[in-house]
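J.: First the structure, then my questions, so here it is.
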Amino acid sequence: MTALAHITSHEHSGRVRHVQVRGDIDLANVGEVRQAITSALADDPTRVILDLRGTTYLDSAAIAMLFRLAQRLGHRRQDLALVVPPRSPIRAVLELTSLQTVIRLHDTLEEASGGPTSANPTGAGGA
Amino acid sequence: MTVTSRAAGWRRAITGERARWLVVVAVAYYLGARLGLLLSLVEENVTPLWPPTGIAVAAFVILGRRFWPAVAVAAFVVNLPVSEGLLPALATAAGNTLAPLVAALLLERLGFRRQLDRQRDALAIVLVAICSTVISATIGSLALAWSAGIPAGQLPATLAVWWTGDAMGILMVTPFLLSVPLFRELPSWPVRQWIELSAILLVVVVASSWAAQSLQVIFLSLPVVGWAAWRFQLRGAAPAALLASVVTTFSASRGLGIFRGRPLLDQMLALHTFNACIALTSFVLAALVSERNSATAALQQAAADLEARVEVRTAELSALNEQLETEIRERFEAQEQLTQEEARAKREHDIAETLQRSLLPPQLPVVPGIEVAARYVPATSDVQIGGDWYDVLQLPDGEVGLVIGDVAGHGVSAAATMAQVRMALRVYALQNTSPSSVLHSVHGLVSQLPMPEMVTLLYAVLDPRTRRLRVASAGHPPVLTFDAAGAHYLEVGLAPPVGVTAEAYYDESTHLLQPGSTLLLYTDGLVERRGTSITHGLDRLREAAAAVAAEDLERLCDHLLASMIEPSRVADDVALIAVRPQAVPSGPLLVTVPAEARMLSQARGSLRQWLRDAGVGADDETDILVACGEACANVVQHAYATAPGDLVLEARIDDDLLQMWVRDRGQWRVESDRGGGGWGLKLMQALADTVDVRRTGDGTVVHLSRRVSIGAQDGG
């Protein structure tokens, strides 16, 4: 069997949702991941934390999806935060595509949940 | 009523009547004597027929010899007037009493039956009549000779006359008197027979009278008497004979007819001859006819008995037949019921087997780095199917999950439980890579089932790159590892089956497989055999596995099954998985998969494994996987717009130069149509040293190259 990724979604604290993806995200399951995040946003939280600590692979389709998502969130005043440890195998892809220019990257979950909610994400997560 | 009491009652009745019978006998004797004297040929001296002797014999036979006093008294009274004094009368009376007594005694000794219905009875009475009367004749003649002074020369003649008279008295009168009680004892006659007998007797009288008149018809009486004997036996013969005799003797005594003018001796001889003929004819014929009749009756009785027995037997046979039919019917019904039961059991067996087979992987996944083969053999018995399963899981980080389990119990419910446990385990295995944690989760699930079943389960996680194996077991038979050098069971912590105890902890052990060795996971059906211990079964499996260690996995599984179980008698289900880490590849990689999104991870997995086997470092691996993955994703997204096709990935390393080719045979859409924001090509260019896209008439080739560091670190 190929279970590419295991996706969980639950309320983290207050109006913060926590969506976790373990495994690979590629063309085959990117729609599934997007659906999970969209569902979490539908509850109208102030922030959605996309936890990619357990993510082992991320392709360009996922990057494109995240860019589109960030664009949408800007209109809705909702905050999306990514958790990607520095040693993660997907970190290089994120940096190469400059995703951090539109979505804040955090090294840890604590940082992502306790960080500022300001609308300016630029430079918030550096390498 | 007992014999004794009946005899006593009979005696009391007799005692009351004895006096009367004494008188009757005495009077009869006296009257018989008067009749005898009436028939005397010469005055009152020579009597050719002396009835009193016959009367006395009949009285003694019918009533008993105790009645002798009546005879004695009557004889004395009869003889006194005709004797010369008291003494001769007494002597004569004594002789007349003694002779019938002796006659009765002799008849008793000869076994005489007074019914006179046998030939021997007829002969007995003739014999007794001749013998016993010698006594009365001798005593009487001597008394007469002594008292009346008859000359000695006349004594034989006197004796002869006396003797013949007494003998004739017995022959003629005794049968008649014996026949009298028969009228009461034998079945009574209808009127018709009384008339017939009367007619016969009338004819006897007429015939006898006529015969006495004419010598020509002297024997005419014989057939008539014979007729009476034939028709009525003793009851007809005796009266007829007596009448014929009396009539003829009367004629002789009066000197009538044929007896007229004849000398006394001639008269005597003729009369005696006639009477003897009449007597013998009547008795013997009557006895013969009686015998024949009783034989016929006996035969009829026997026939009737036989008939009755046949009827009884027929009824018995009929009853037996009915019983047998009932039994056959009942057995048939039972058989029918059994057949329905069998059909139901067969249906359930089929359902369970279908369910079981549908739940097992239709084909094992192609997992980079390992070879795997599996078997499931259902139990041959109808009720023993279901509950065993195996599974092979490709885990996200390149490891392989190996599952073997056995739900206790059989049939549809066991198969259904197995389905739930199997699916749950797959989910748990993706959440957590620790076998002991997975088993703990499964335990929690099974414990919460409405009807918890006992499940033995073994879960192992194999990293094909390092051949590191982590195993946890819940009461399941141990894993066998073997190669051509030998076989041994892996030591795994003991724990109960899941679902049995409230709390459970499952040990996890780690093993390093030898290169080229094979791993065997199985259910107990493979090693259990009726009548032998499980230890023996495990030993057998170890020997069988070592013997086939060099075979490829499919043949290895077939050989193991063949040597461990009998296909015709599989007592319990058998499931098994054989796994063998592949030898490290040294050549280039070539992967061909359908160009579909779901196949991308498999292509990456193959490449990842190949890179690790080749000793490419982890940092390079990540970059290469992304670059190549993007090239592959492009093929999936853009190459085959109209018809499906294949994606071919080729890779090779020459020294530290890695080259990859991603090919398709499709027609790419124009670039403006493509989604994804163009990130794919950017990533490829960023992560590979060179990227070259070349379109040809029958497809596109993307060539990527990158310098890599080999053997810098391990595959982790």
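Quick note on naming: the chains in the structure tokens go A, B, ... in the order shown, residues restart at 1 in each chain, and ligands are numbered from 1 in order of appearance.
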Could you tell me, as a ChimeraX atom specification, which residues of stretch 228-403 of chain B DSSP assigns to alpha helix (DSSP H) when given the backbone?

T.: /B:228-232,234-253,264-359

J.: List as number ranges by chain the protein and nucleic acid residues near A:Thr55, meaning an atom at most 12 Å away when only C-alpha atoms are counted, but skip any in the same chain fewer than 6 places from it.

T.: A: 4-7, 19-26, 33, 62, 82-85, 87-91; B: 396-397

J.: List the spatial neighbours of B:Cys557 as number ranges by chain - criterion: any atom at most 9 Å away, only C-alpha atoms, same-chain residues fewer than 6 positions off excluded.

T.: B: 373-375, 576-578

J.: Name the closest residue to B:Ala544 among the candidates B:Pro263, B:Gly680, B:Gly486, B:Gly169; distances are taken between atoms, counting only C-alpha atoms.

T.: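 Result for the nearest residue to B:Ala544: B:Gly486.
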
J.: Identify which of the residues A:Glu32, A:Asp51, A:Asp43, A:Asp59 lies closest to chain B, counting only C-alpha atoms when measuring atom-to-atom distances.

T.: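 Smallest distance to chain B is found for A:Asp59.
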
J.: Kindly give the distance, in Å, that separates atom CA of B:Ser251 and atom CA of B:Val71, rounded to a single decimal.

T.: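 Between atom CA of B:Ser251 and atom CA of B:Val71 the gap works out to 28.6 Å.
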
J.: Which polymer residues have any atom within 6 Å of an atom of B:Asp573, counting only C-alpha atoms, with same-chain residues fewer than 5 positions away left out, as number ranges by chain?

T.: B: 377-379, 525

J.: Neighbours of B:Thr47 within 9 Å (only C-alpha atoms; same-chain residues fewer than 6 positions away dropped), as an MDAnalysis selection string?

T.: chainID B and resid 36:41 161:162 164:166 253

J.: For chain A, which residue among B:Gln431, B:Ser705, B:Ser473, B:Gln300 is the nearest when counting only C-alpha atoms?

T.: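 So, comparing all the options, the nearest one is B:Gln431.
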
J.: For A:Ile103, please output as a list in words all residues within 8 Å (counting only C-alpha atoms; exclusion window: fewer than 3 positions along the same chain).

T.: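 In the requested format, the answer is Ala70, Leu80, Ala81, Leu82, Leu99, Gln100 and Pro121 of chain A.
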
J.: Have a look at A:Arg77, A:Val48, A:Val16, A:Ser98 and name the one nearest to chain B; count only C-alpha atoms.

T.: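 For chain B, the nearest of the given residues is A:Ser98.
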
J.: Quick one: DSSP strand (DSSP E or B) residues in chain A, as JSON, numbers by chain?

T.: {"A": [2, 5, 6, 7, 8, 9, 10, 11, 12, 13, 16, 17, 18, 19, 20, 21, 22, 23, 24, 25, 47, 48, 49, 50, 51, 55, 56, 57, 58, 79, 80, 81, 82, 83, 104, 105, 106]}

J.: Take the residues from that selection and write them out as a PDB file, in the first residue's frame, keeping C-alpha atoms.

T.:
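As a result, out.pdb now contains:
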```pdb
ATOM      1  CA  THR A   2       1.090   3.530  -0.408  1.00  0.00           C
ATOM      2  CA  ALA A   5       0.981  11.023   4.225  1.00  0.00           C
ATOM      3  CA  HIS A   6      -0.969  10.993   7.451  1.00  0.00           C
ATOM      4  CA  ILE A   7      -2.899  14.198   8.014  1.00  0.00           C
ATOM      5  CA  THR A   8      -4.418  15.232  11.350  1.00  0.00           C
ATOM      6  CA  SER A   9      -6.239  18.397  12.236  1.00  0.00           C
ATOM      7  CA  HIS A  10      -7.358  19.611  15.640  1.00  0.00           C
ATOM      8  CA  GLU A  11      -7.843  22.704  17.779  1.00  0.00           C
ATOM      9  CA  HIS A  12      -4.554  23.736  19.293  1.00  0.00           C
ATOM     10  CA  SER A  13      -5.524  26.475  21.761  1.00  0.00           C
ATOM     11  CA  VAL A  16      -5.652  28.366  16.785  1.00  0.00           C
ATOM     12  CA  ARG A  17      -5.956  25.263  14.584  1.00  0.00           C
ATOM     13  CA  HIS A  18      -3.172  22.740  14.250  1.00  0.00           C
ATOM     14  CA  VAL A  19      -2.864  20.752  10.997  1.00  0.00           C
ATOM     15  CA  GLN A  20      -0.118  18.178  10.967  1.00  0.00           C
ATOM     16  CA  VAL A  21       1.184  16.284   7.925  1.00  0.00           C
ATOM     17  CA  ARG A  22       3.454  13.274   8.311  1.00  0.00           C
ATOM     18  CA  GLY A  23       4.967  11.726   5.191  1.00  0.00           C
ATOM     19  CA  ASP A  24       5.309  13.023   1.628  1.00  0.00           C
ATOM     20  CA  ILE A  25       3.289  15.725  -0.067  1.00  0.00           C
ATOM     21  CA  ARG A  47      -4.424  31.281  13.065  1.00  0.00           C
ATOM     22  CA  VAL A  48      -3.768  27.938  11.376  1.00  0.00           C
ATOM     23  CA  ILE A  49      -0.471  26.240  12.156  1.00  0.00           C
ATOM     24  CA  LEU A  50       0.642  23.885   9.366  1.00  0.00           C
ATOM     25  CA  ASP A  51       2.996  21.516  11.119  1.00  0.00           C
ATOM     26  CA  THR A  55       6.956  15.927   6.316  1.00  0.00           C
ATOM     27  CA  THR A  56       9.661  14.154   4.373  1.00  0.00           C
ATOM     28  CA  TYR A  57       9.012  15.416   0.854  1.00  0.00           C
ATOM     29  CA  LEU A  58       7.445  18.502  -0.647  1.00  0.00           C
ATOM     30  CA  ASP A  79      -2.844  33.885   9.781  1.00  0.00           C
ATOM     31  CA  LEU A  80      -1.049  30.795   8.452  1.00  0.00           C
ATOM     32  CA  ALA A  81       2.160  29.632  10.120  1.00  0.00           C
ATOM     33  CA  LEU A  82       4.456  26.803   9.026  1.00  0.00           C
ATOM     34  CA  VAL A  83       6.568  24.715  11.374  1.00  0.00           C
ATOM     35  CA  ARG A 104       5.951  32.742   8.206  1.00  0.00           C
ATOM     36  CA  LEU A 105       8.258  29.777   8.876  1.00  0.00           C
ATOM     37  CA  HIS A 106       8.926  28.616  12.437  1.00  0.00           C
TER      38      HIS A 106
END
```

J.: With only C-alpha atoms as the counted atoms, please give the residues lying no more than 9 Å from B:Ala58, apart from itself and same-chain residues fewer than 6 positions off, as a ChimeraX atom specification.

T.: /B:100,104,114,170,173-178

J.: Choose the residue, out of A:Gly114, A:Ala61, A:Ala92, A:Ala42, that has the smallest atom-to-atom separation from A:Asn29; count only C-alpha atoms.

T.: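 Comparing A:Gly114, A:Ala61, A:Ala92, A:Ala42 against A:Asn29, the winner is A:Ala61.
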
J.: Just the number, please: distance in Å from atom CA of B:Val246 to atom CA of B:Ile135, one decimal.

T.: 24.4 Å

J.: For chain A, which residue among B:Pro361, B:Asp406, B:Gly444, B:Ile370 is the nearest when counting only C-alpha atoms?

T.: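 Checking each candidate against chain A, we get B:Pro361 as the closest.
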